[in-house]
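> You'll find input.txt just under this line, and it carries compact mmCIF, N, CA and C atoms.
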# COMPACT_ATOMS: atom_id res chain seq x y z
N MET A 1 -32.51 64.91 -21.08
CA MET A 1 -32.04 63.55 -21.24
C MET A 1 -30.96 63.27 -20.18
N VAL A 2 -31.03 62.08 -19.64
CA VAL A 2 -30.06 61.65 -18.64
C VAL A 2 -29.25 60.50 -19.24
N ILE A 3 -27.93 60.62 -19.22
CA ILE A 3 -27.07 59.54 -19.69
C ILE A 3 -27.22 58.37 -18.71
N ALA A 4 -27.51 57.20 -19.23
CA ALA A 4 -27.85 56.05 -18.40
C ALA A 4 -26.77 55.69 -17.39
N THR A 5 -25.52 55.76 -17.79
CA THR A 5 -24.44 55.36 -16.89
C THR A 5 -24.24 56.34 -15.74
N SER A 6 -24.87 57.52 -15.82
CA SER A 6 -24.75 58.50 -14.73
C SER A 6 -25.81 58.30 -13.64
N ILE A 7 -26.77 57.43 -13.88
CA ILE A 7 -27.84 57.19 -12.91
C ILE A 7 -27.31 56.30 -11.79
N GLU A 8 -27.62 56.67 -10.57
CA GLU A 8 -27.20 55.93 -9.39
C GLU A 8 -27.75 54.50 -9.42
N PHE A 9 -26.92 53.53 -9.04
CA PHE A 9 -27.37 52.15 -9.00
C PHE A 9 -28.53 51.97 -8.04
N PHE A 10 -29.50 51.18 -8.46
CA PHE A 10 -30.63 50.75 -7.67
C PHE A 10 -31.54 51.89 -7.21
N LYS A 11 -31.33 53.09 -7.72
CA LYS A 11 -32.22 54.22 -7.42
C LYS A 11 -33.52 53.99 -8.18
N ASN A 12 -34.63 54.05 -7.48
CA ASN A 12 -35.93 53.78 -8.11
C ASN A 12 -36.34 54.96 -8.98
N LEU A 13 -36.30 54.75 -10.29
CA LEU A 13 -36.66 55.80 -11.24
C LEU A 13 -38.16 55.98 -11.37
N ALA A 14 -38.93 55.13 -10.70
CA ALA A 14 -40.39 55.31 -10.69
C ALA A 14 -40.79 56.50 -9.82
N GLN A 15 -39.91 56.94 -8.97
CA GLN A 15 -40.10 58.14 -8.15
C GLN A 15 -38.81 58.94 -8.26
N TYR A 16 -38.82 59.91 -9.19
CA TYR A 16 -37.55 60.51 -9.60
C TYR A 16 -37.77 61.92 -10.13
N ASP A 17 -36.74 62.76 -10.02
CA ASP A 17 -36.75 64.10 -10.61
C ASP A 17 -36.17 64.03 -12.02
N TYR A 18 -37.00 64.37 -13.02
CA TYR A 18 -36.55 64.47 -14.40
C TYR A 18 -36.59 65.94 -14.79
N ASP A 19 -35.45 66.48 -15.17
CA ASP A 19 -35.35 67.88 -15.56
C ASP A 19 -35.99 68.82 -14.54
N GLY A 20 -35.73 68.58 -13.26
CA GLY A 20 -36.19 69.46 -12.21
C GLY A 20 -37.65 69.30 -11.81
N LYS A 21 -38.35 68.32 -12.36
CA LYS A 21 -39.74 68.08 -12.01
C LYS A 21 -39.87 66.67 -11.45
N TYR A 22 -40.52 66.55 -10.30
CA TYR A 22 -40.69 65.26 -9.64
C TYR A 22 -41.85 64.48 -10.25
N TYR A 23 -41.60 63.20 -10.56
CA TYR A 23 -42.62 62.30 -11.08
C TYR A 23 -42.72 61.08 -10.16
N ASP A 24 -43.95 60.72 -9.82
CA ASP A 24 -44.20 59.49 -9.08
C ASP A 24 -44.97 58.56 -10.01
N LEU A 25 -44.22 57.79 -10.79
CA LEU A 25 -44.82 56.93 -11.81
C LEU A 25 -45.56 55.75 -11.21
N HIS A 26 -45.23 55.39 -9.98
CA HIS A 26 -45.91 54.27 -9.31
C HIS A 26 -47.31 54.68 -8.83
N ASN A 27 -47.41 55.80 -8.15
CA ASN A 27 -48.67 56.21 -7.54
C ASN A 27 -49.55 57.10 -8.41
N ASP A 28 -48.94 57.89 -9.29
CA ASP A 28 -49.69 58.91 -10.02
C ASP A 28 -49.99 58.57 -11.47
N TYR A 29 -49.39 57.51 -12.01
CA TYR A 29 -49.54 57.20 -13.43
C TYR A 29 -49.84 55.72 -13.65
N ASP A 30 -50.56 55.44 -14.73
CA ASP A 30 -50.78 54.07 -15.20
C ASP A 30 -50.03 53.90 -16.51
N CYS A 31 -49.43 52.75 -16.69
CA CYS A 31 -48.75 52.44 -17.95
C CYS A 31 -49.78 51.87 -18.91
N GLU A 32 -50.09 52.63 -19.95
CA GLU A 32 -51.11 52.24 -20.92
C GLU A 32 -50.55 51.46 -22.09
N LYS A 33 -49.30 51.70 -22.43
CA LYS A 33 -48.74 51.10 -23.63
C LYS A 33 -47.22 51.07 -23.52
N ILE A 34 -46.64 50.03 -24.09
CA ILE A 34 -45.18 49.89 -24.16
C ILE A 34 -44.85 49.58 -25.61
N PHE A 35 -43.94 50.35 -26.17
CA PHE A 35 -43.56 50.04 -27.54
C PHE A 35 -42.08 50.25 -27.77
N LEU A 36 -41.55 49.42 -28.68
CA LEU A 36 -40.14 49.44 -29.04
C LEU A 36 -40.07 49.65 -30.54
N LYS A 37 -39.40 50.72 -30.96
CA LYS A 37 -39.25 51.02 -32.38
C LYS A 37 -37.88 51.63 -32.60
N GLU A 38 -37.13 51.04 -33.52
CA GLU A 38 -35.82 51.55 -33.89
C GLU A 38 -34.94 51.87 -32.68
N GLU A 39 -34.86 50.90 -31.79
CA GLU A 39 -34.01 50.98 -30.58
C GLU A 39 -34.46 52.04 -29.58
N ILE A 40 -35.72 52.46 -29.65
CA ILE A 40 -36.27 53.38 -28.66
C ILE A 40 -37.42 52.66 -27.97
N LEU A 41 -37.28 52.49 -26.65
CA LEU A 41 -38.32 51.88 -25.83
C LEU A 41 -39.08 53.00 -25.14
N SER A 42 -40.38 53.04 -25.35
CA SER A 42 -41.21 54.08 -24.75
C SER A 42 -42.31 53.45 -23.90
N LEU A 43 -42.46 53.98 -22.70
CA LEU A 43 -43.56 53.60 -21.83
C LEU A 43 -44.53 54.77 -21.85
N CYS A 44 -45.74 54.53 -22.32
CA CYS A 44 -46.78 55.55 -22.38
C CYS A 44 -47.51 55.54 -21.04
N LEU A 45 -47.47 56.68 -20.35
CA LEU A 45 -48.01 56.77 -18.99
C LEU A 45 -49.10 57.83 -18.93
N LYS A 46 -50.24 57.47 -18.36
CA LYS A 46 -51.35 58.41 -18.22
C LYS A 46 -51.53 58.75 -16.75
N LYS A 47 -51.62 60.04 -16.46
CA LYS A 47 -51.81 60.49 -15.08
C LYS A 47 -53.17 60.04 -14.58
N ASN A 48 -53.21 59.47 -13.38
CA ASN A 48 -54.45 58.94 -12.81
C ASN A 48 -55.53 60.00 -12.65
N SER A 49 -55.16 61.19 -12.23
CA SER A 49 -56.14 62.23 -11.91
C SER A 49 -56.52 63.09 -13.11
N MET A 50 -55.83 62.94 -14.23
CA MET A 50 -56.10 63.79 -15.39
C MET A 50 -56.14 62.92 -16.64
N GLU A 51 -57.32 62.66 -17.14
CA GLU A 51 -57.50 61.78 -18.29
C GLU A 51 -56.63 62.17 -19.48
N SER A 52 -56.42 63.46 -19.68
CA SER A 52 -55.74 63.90 -20.90
C SER A 52 -54.22 64.03 -20.74
N MET A 53 -53.68 63.91 -19.52
CA MET A 53 -52.24 64.09 -19.35
C MET A 53 -51.50 62.78 -19.60
N VAL A 54 -50.72 62.77 -20.66
CA VAL A 54 -49.93 61.60 -21.04
C VAL A 54 -48.47 62.03 -21.17
N ILE A 55 -47.58 61.19 -20.67
CA ILE A 55 -46.14 61.40 -20.83
C ILE A 55 -45.52 60.09 -21.31
N PHE A 56 -44.32 60.19 -21.81
CA PHE A 56 -43.58 59.00 -22.24
C PHE A 56 -42.25 58.96 -21.51
N LEU A 57 -41.94 57.81 -20.94
CA LEU A 57 -40.61 57.55 -20.41
C LEU A 57 -39.89 56.84 -21.54
N LYS A 58 -38.85 57.49 -22.06
CA LYS A 58 -38.20 57.04 -23.30
C LYS A 58 -36.75 56.64 -23.02
N PHE A 59 -36.41 55.41 -23.41
CA PHE A 59 -35.05 54.91 -23.32
C PHE A 59 -34.49 54.81 -24.73
N THR A 60 -33.22 55.22 -24.93
CA THR A 60 -32.64 55.21 -26.27
C THR A 60 -31.55 54.15 -26.41
N ASP A 61 -31.28 53.78 -27.66
CA ASP A 61 -30.27 52.76 -28.00
C ASP A 61 -30.49 51.48 -27.21
N VAL A 62 -31.72 51.03 -27.21
CA VAL A 62 -32.14 49.89 -26.39
C VAL A 62 -31.82 48.57 -27.07
N GLU A 63 -31.33 47.65 -26.26
CA GLU A 63 -31.17 46.25 -26.64
C GLU A 63 -31.95 45.45 -25.60
N MET A 64 -33.09 44.92 -26.00
CA MET A 64 -33.95 44.16 -25.09
C MET A 64 -33.32 42.80 -24.81
N THR A 65 -33.28 42.40 -23.54
CA THR A 65 -32.71 41.10 -23.18
C THR A 65 -33.74 40.16 -22.58
N MET A 66 -34.82 40.71 -21.97
CA MET A 66 -35.82 39.85 -21.35
C MET A 66 -37.15 40.60 -21.27
N MET A 67 -38.21 39.88 -21.65
CA MET A 67 -39.58 40.39 -21.49
C MET A 67 -40.39 39.27 -20.86
N ASN A 68 -41.06 39.58 -19.77
CA ASN A 68 -41.91 38.61 -19.09
C ASN A 68 -43.31 39.21 -19.04
N PHE A 69 -44.10 38.94 -20.08
CA PHE A 69 -45.46 39.41 -20.16
C PHE A 69 -46.36 38.21 -20.36
N PHE A 70 -47.54 38.28 -19.78
CA PHE A 70 -48.47 37.17 -19.91
C PHE A 70 -49.87 37.74 -19.93
N ASN A 71 -50.81 36.93 -20.31
CA ASN A 71 -52.20 37.37 -20.43
C ASN A 71 -52.79 37.70 -19.07
N PHE A 72 -53.63 38.70 -19.07
CA PHE A 72 -54.35 39.04 -17.86
C PHE A 72 -55.71 39.59 -18.26
N ASN A 73 -56.73 39.14 -17.59
CA ASN A 73 -58.10 39.50 -17.94
C ASN A 73 -58.62 40.72 -17.21
N GLU A 74 -58.28 40.86 -15.97
CA GLU A 74 -58.88 41.89 -15.12
C GLU A 74 -58.18 43.23 -15.18
N VAL A 75 -56.98 43.31 -15.74
CA VAL A 75 -56.17 44.51 -15.68
C VAL A 75 -56.22 45.26 -17.01
N LYS A 76 -56.57 46.55 -16.95
CA LYS A 76 -56.61 47.37 -18.16
C LYS A 76 -55.24 48.02 -18.40
N ASN A 77 -54.63 48.54 -17.34
CA ASN A 77 -53.33 49.20 -17.42
C ASN A 77 -52.40 48.56 -16.39
N LEU A 78 -51.11 48.81 -16.53
CA LEU A 78 -50.12 48.30 -15.59
C LEU A 78 -49.64 49.41 -14.66
N THR A 79 -49.24 49.01 -13.48
CA THR A 79 -48.67 49.93 -12.50
C THR A 79 -47.17 49.66 -12.40
N ILE A 80 -46.38 50.68 -12.65
CA ILE A 80 -44.93 50.52 -12.52
C ILE A 80 -44.60 50.38 -11.04
N ASP A 81 -43.93 49.31 -10.71
CA ASP A 81 -43.53 49.07 -9.33
C ASP A 81 -42.13 49.60 -9.09
N ASN A 82 -41.23 49.33 -10.03
CA ASN A 82 -39.84 49.70 -9.83
C ASN A 82 -39.15 49.80 -11.19
N ILE A 83 -38.34 50.83 -11.36
CA ILE A 83 -37.46 50.97 -12.52
C ILE A 83 -36.10 51.35 -11.96
N TYR A 84 -35.08 50.60 -12.31
CA TYR A 84 -33.77 50.94 -11.77
C TYR A 84 -32.66 50.47 -12.69
N ARG A 85 -31.53 51.14 -12.53
CA ARG A 85 -30.29 50.74 -13.19
C ARG A 85 -29.60 49.76 -12.27
N GLY A 86 -29.24 48.60 -12.80
CA GLY A 86 -28.61 47.59 -11.97
C GLY A 86 -27.33 47.06 -12.59
N ARG A 87 -26.70 46.19 -11.86
CA ARG A 87 -25.50 45.52 -12.36
C ARG A 87 -25.93 44.28 -13.13
N PHE A 88 -25.01 43.71 -13.88
CA PHE A 88 -25.30 42.54 -14.68
C PHE A 88 -24.10 41.61 -14.64
N GLU A 89 -24.34 40.34 -14.92
CA GLU A 89 -23.28 39.34 -14.86
C GLU A 89 -22.96 38.82 -16.26
N ILE A 90 -21.68 38.81 -16.58
CA ILE A 90 -21.19 38.21 -17.82
C ILE A 90 -19.99 37.34 -17.46
N ASP A 91 -20.06 36.07 -17.83
CA ASP A 91 -18.98 35.12 -17.56
C ASP A 91 -18.57 35.11 -16.09
N GLY A 92 -19.56 35.17 -15.19
CA GLY A 92 -19.29 35.11 -13.76
C GLY A 92 -18.78 36.41 -13.16
N GLN A 93 -18.65 37.45 -13.97
CA GLN A 93 -18.16 38.76 -13.49
C GLN A 93 -19.34 39.72 -13.36
N LEU A 94 -19.40 40.44 -12.26
CA LEU A 94 -20.41 41.47 -12.05
C LEU A 94 -19.91 42.77 -12.68
N ASN A 95 -20.70 43.33 -13.59
CA ASN A 95 -20.30 44.52 -14.34
C ASN A 95 -21.28 45.66 -14.12
N GLU A 96 -20.81 46.88 -14.41
CA GLU A 96 -21.64 48.07 -14.25
C GLU A 96 -22.00 48.74 -15.56
N VAL A 97 -21.13 48.64 -16.57
CA VAL A 97 -21.35 49.29 -17.86
C VAL A 97 -20.93 48.30 -18.95
N SER A 98 -21.70 48.24 -20.04
CA SER A 98 -21.36 47.34 -21.14
C SER A 98 -20.15 47.88 -21.90
N SER A 99 -19.59 47.07 -22.76
CA SER A 99 -18.43 47.48 -23.54
C SER A 99 -18.75 48.63 -24.49
N ASN A 100 -20.02 48.80 -24.84
CA ASN A 100 -20.40 49.92 -25.72
C ASN A 100 -21.04 51.08 -24.96
N GLY A 101 -20.81 51.14 -23.64
CA GLY A 101 -21.22 52.29 -22.84
C GLY A 101 -22.67 52.34 -22.42
N LYS A 102 -23.36 51.20 -22.46
CA LYS A 102 -24.76 51.16 -22.05
C LYS A 102 -24.92 50.67 -20.63
N ALA A 103 -26.01 51.11 -20.01
CA ALA A 103 -26.35 50.65 -18.66
C ALA A 103 -27.48 49.63 -18.76
N TYR A 104 -27.61 48.80 -17.72
CA TYR A 104 -28.62 47.74 -17.71
C TYR A 104 -29.78 48.17 -16.81
N PHE A 105 -31.00 48.05 -17.34
CA PHE A 105 -32.19 48.49 -16.62
C PHE A 105 -33.14 47.33 -16.37
N TYR A 106 -33.84 47.44 -15.25
CA TYR A 106 -34.88 46.51 -14.85
C TYR A 106 -36.17 47.32 -14.67
N VAL A 107 -37.27 46.84 -15.25
CA VAL A 107 -38.58 47.46 -15.06
C VAL A 107 -39.51 46.38 -14.55
N ASP A 108 -40.08 46.59 -13.38
CA ASP A 108 -41.00 45.63 -12.78
C ASP A 108 -42.36 46.28 -12.62
N PHE A 109 -43.40 45.52 -12.93
CA PHE A 109 -44.77 46.00 -12.79
C PHE A 109 -45.43 45.29 -11.62
N TYR A 110 -46.32 46.00 -10.95
CA TYR A 110 -47.02 45.48 -9.79
C TYR A 110 -47.77 44.18 -10.13
N GLU A 111 -48.26 44.10 -11.35
CA GLU A 111 -49.06 42.95 -11.78
C GLU A 111 -48.22 41.72 -12.13
N GLY A 112 -46.88 41.83 -12.07
CA GLY A 112 -45.99 40.70 -12.27
C GLY A 112 -45.16 40.72 -13.54
N GLN A 113 -45.50 41.54 -14.50
CA GLN A 113 -44.72 41.61 -15.74
C GLN A 113 -43.38 42.31 -15.47
N SER A 114 -42.40 42.06 -16.37
CA SER A 114 -41.10 42.70 -16.18
C SER A 114 -40.35 42.80 -17.51
N LEU A 115 -39.39 43.72 -17.55
CA LEU A 115 -38.52 43.96 -18.69
C LEU A 115 -37.09 44.09 -18.19
N GLU A 116 -36.13 43.67 -19.03
CA GLU A 116 -34.72 43.93 -18.78
C GLU A 116 -34.11 44.33 -20.11
N PHE A 117 -33.24 45.34 -20.08
CA PHE A 117 -32.67 45.84 -21.32
C PHE A 117 -31.47 46.73 -21.07
N TRP A 118 -30.69 46.93 -22.15
CA TRP A 118 -29.58 47.88 -22.17
C TRP A 118 -30.09 49.19 -22.73
N ALA A 119 -29.56 50.31 -22.26
CA ALA A 119 -29.93 51.61 -22.82
C ALA A 119 -28.79 52.61 -22.61
N LYS A 120 -28.75 53.61 -23.48
CA LYS A 120 -27.74 54.69 -23.38
C LYS A 120 -28.25 55.87 -22.58
N SER A 121 -29.56 56.18 -22.72
CA SER A 121 -30.10 57.34 -22.02
C SER A 121 -31.57 57.13 -21.71
N VAL A 122 -32.09 58.01 -20.87
CA VAL A 122 -33.51 57.99 -20.51
C VAL A 122 -33.98 59.43 -20.39
N GLU A 123 -35.23 59.65 -20.81
CA GLU A 123 -35.80 60.99 -20.68
C GLU A 123 -37.32 60.90 -20.61
N MET A 124 -37.91 61.97 -20.12
CA MET A 124 -39.34 62.12 -20.07
C MET A 124 -39.74 63.01 -21.23
N LYS A 125 -40.76 62.57 -22.00
CA LYS A 125 -41.18 63.31 -23.19
C LYS A 125 -42.69 63.53 -23.18
N ASN A 126 -43.11 64.62 -23.77
CA ASN A 126 -44.52 64.88 -24.03
C ASN A 126 -44.89 64.19 -25.33
N PRO A 127 -46.17 63.87 -25.56
CA PRO A 127 -46.56 63.16 -26.78
C PRO A 127 -46.08 63.82 -28.07
N GLY A 128 -46.06 65.12 -28.16
CA GLY A 128 -45.62 65.81 -29.36
C GLY A 128 -44.15 65.65 -29.63
N ASP A 129 -43.37 65.26 -28.61
CA ASP A 129 -41.92 65.15 -28.76
C ASP A 129 -41.46 63.71 -28.99
N ILE A 130 -42.37 62.73 -29.02
CA ILE A 130 -41.98 61.32 -28.99
C ILE A 130 -41.18 60.92 -30.23
N SER A 131 -41.36 61.54 -31.35
CA SER A 131 -40.62 61.15 -32.55
C SER A 131 -39.21 61.71 -32.58
N ASP A 132 -38.89 62.62 -31.68
CA ASP A 132 -37.54 63.21 -31.64
C ASP A 132 -36.50 62.19 -31.22
Rewrite the structure from the file as C-alpha cells, please.


Amino acid sequence: MVIATSIEFFKNLAQYDYDGKYYDLHNDYDCEKIFLKEEILSLCLKKNSMESMVIFLKFTDVEMTMMNFFNFNEVKNLTIDNIYRGRFEIDGQLNEVSSNGKAYFYVDFYEGQSLEFWAKSVEMKNPGDISD
C-alpha cells in the first residue's frame, strides 16, 4: 500500500512500480469494471495478453467528487490513459492535501470518461485479496 500523500504530483500511475513490480496499465491492461463500495474504489483490470490475469487498483477512504461517464456502443472495455495525484482548488487557494490528510486523484480514460476523487492510499491487489 502506498500512502496517497507520498505520491509525486502529476506522476502517471498508469505506468508505475507497485511493490517493486512495474505495471503498464495503459498498454497492457483493459479496465473491465469500476466499483465503489464502503469508501473503496476498485478498478478491475484484465491483462491484454492473458485472459485469466486480473488485478485490482484499489483506492481507500475515497470521497468521489466527479464522474464523467456516458454511453458508448462500440467499446467493451476502457483504456486507462492517465492516473495521477494532482492539486486542487478551494476558495481560490491551490492545495496539495485535504484537511483530513487525503490526496486528490484524477483518472482519465482514452475513450473520454473520467473520475476525480479524494483517497488516503492506493495499492495493487489480486482478486482473492480485494475484500481486505

> Compile the contact shell of segment 95-104 of chain A as a list in words: residues with an atom at most 6.5 Å away, counting all atoms listed in the file, same-chain residues fewer than 6 positions apart removed.

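Answer for this query is Ala4, Thr5, Tyr84, Arg85, Gly86, Arg87, Phe88, Glu89, Phe117, Trp118, Ala119 and Lys120 of chain A.
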
> In terms of the shortest atom-to-atom distance over only N, CA and C atoms, which of A:Val62, A:Tyr16, A:Glu111, A:Pro127 is closest to Asn77 of chain A?

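Nearest to Asn77 of chain A: A:Glu111.
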
> Between A:Leu115, A:Asp28, A:Ala14, A:Lys76, single out the one closest to Val54 of chain A, counting only C-alpha atoms.

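Of all the options, A:Asp28 lies closest to Val54 of chain A.
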
> From the list A:Leu13, A:Asn82, A:Tyr18, A:Glu123, which residue is nearest Leu57 of chain A when using only C-alpha atoms?

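Among the listed residues, the smallest separation from Leu57 of chain A belongs to A:Glu123.
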
> State, in Å with one decimal place, the distance from atom CA of Met67 of chain A to atom CA of Leu45 of chain A.

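Atom-to-atom, atom CA of Met67 of chain A and atom CA of Leu45 of chain A are spaced 18.6 Å apart.
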
> Pull the helix (DSSP H, G or I) assignments for chain A out of DSSP run on the backbone, and list those residues as a PyMOL selection string.

chain A and resi 4-6+127-129

> So how many Å separate atom CA of Gln15 of chain A and atom CA of Asp108 of chain A, to one decimal?

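Those two atoms sit 13.4 Å apart.
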
> Skip Ser121 of chain A itself and residues of its chain fewer than 3 positions away, then list as a compact mmCIF listing (two decimals) with N, CA and C atoms, in the frame of the given file all residues within 6.5 Å of it, counting only N, CA and C atoms.


# COMPACT_ATOMS: atom_id res chain seq x y z
N MET A 1 -32.51 64.91 -21.08
CA MET A 1 -32.04 63.55 -21.24
C MET A 1 -30.96 63.27 -20.18
N VAL A 2 -31.03 62.08 -19.64
CA VAL A 2 -30.06 61.65 -18.64
C VAL A 2 -29.25 60.50 -19.24
N ILE A 3 -27.93 60.62 -19.22
CA ILE A 3 -27.07 59.54 -19.69
C ILE A 3 -27.22 58.37 -18.71
N ALA A 4 -27.51 57.20 -19.23
CA ALA A 4 -27.85 56.05 -18.40
C ALA A 4 -26.77 55.69 -17.39
N THR A 5 -25.52 55.76 -17.79
CA THR A 5 -24.44 55.36 -16.89
C THR A 5 -24.24 56.34 -15.74
N LYS A 58 -38.85 57.49 -22.06
CA LYS A 58 -38.20 57.04 -23.30
C LYS A 58 -36.75 56.64 -23.02
N PHE A 59 -36.41 55.41 -23.41
CA PHE A 59 -35.05 54.91 -23.32
C PHE A 59 -34.49 54.81 -24.73
N THR A 60 -33.22 55.22 -24.93
CA THR A 60 -32.64 55.21 -26.27
C THR A 60 -31.55 54.15 -26.41
N ASP A 61 -31.28 53.78 -27.66
CA ASP A 61 -30.27 52.76 -28.00
C ASP A 61 -30.49 51.48 -27.21

> Using atom C of Glu63 of chain A and atom N of Lys21 of chain A as the two end points, give the distance in Å to one decimal.

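If I compute the distance from atom C of Glu63 of chain A to atom N of Lys21 of chain A, I get 27.2 Å.
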
> Using DSSP on the backbone, list every residue of segment 21-92 of chain A that comes out as strand (DSSP E or B), and give them as a PyMOL selection string.

chain A and resi 21-24+29-37+40-47+54-60+63-68+78+80-86+88-90

> Of the candidates A:Gln93, A:Met64, A:Phe10, A:Thr79, which one gets nearest to Tyr29 of chain A if we count only N, CA and C atoms?

A:Thr79
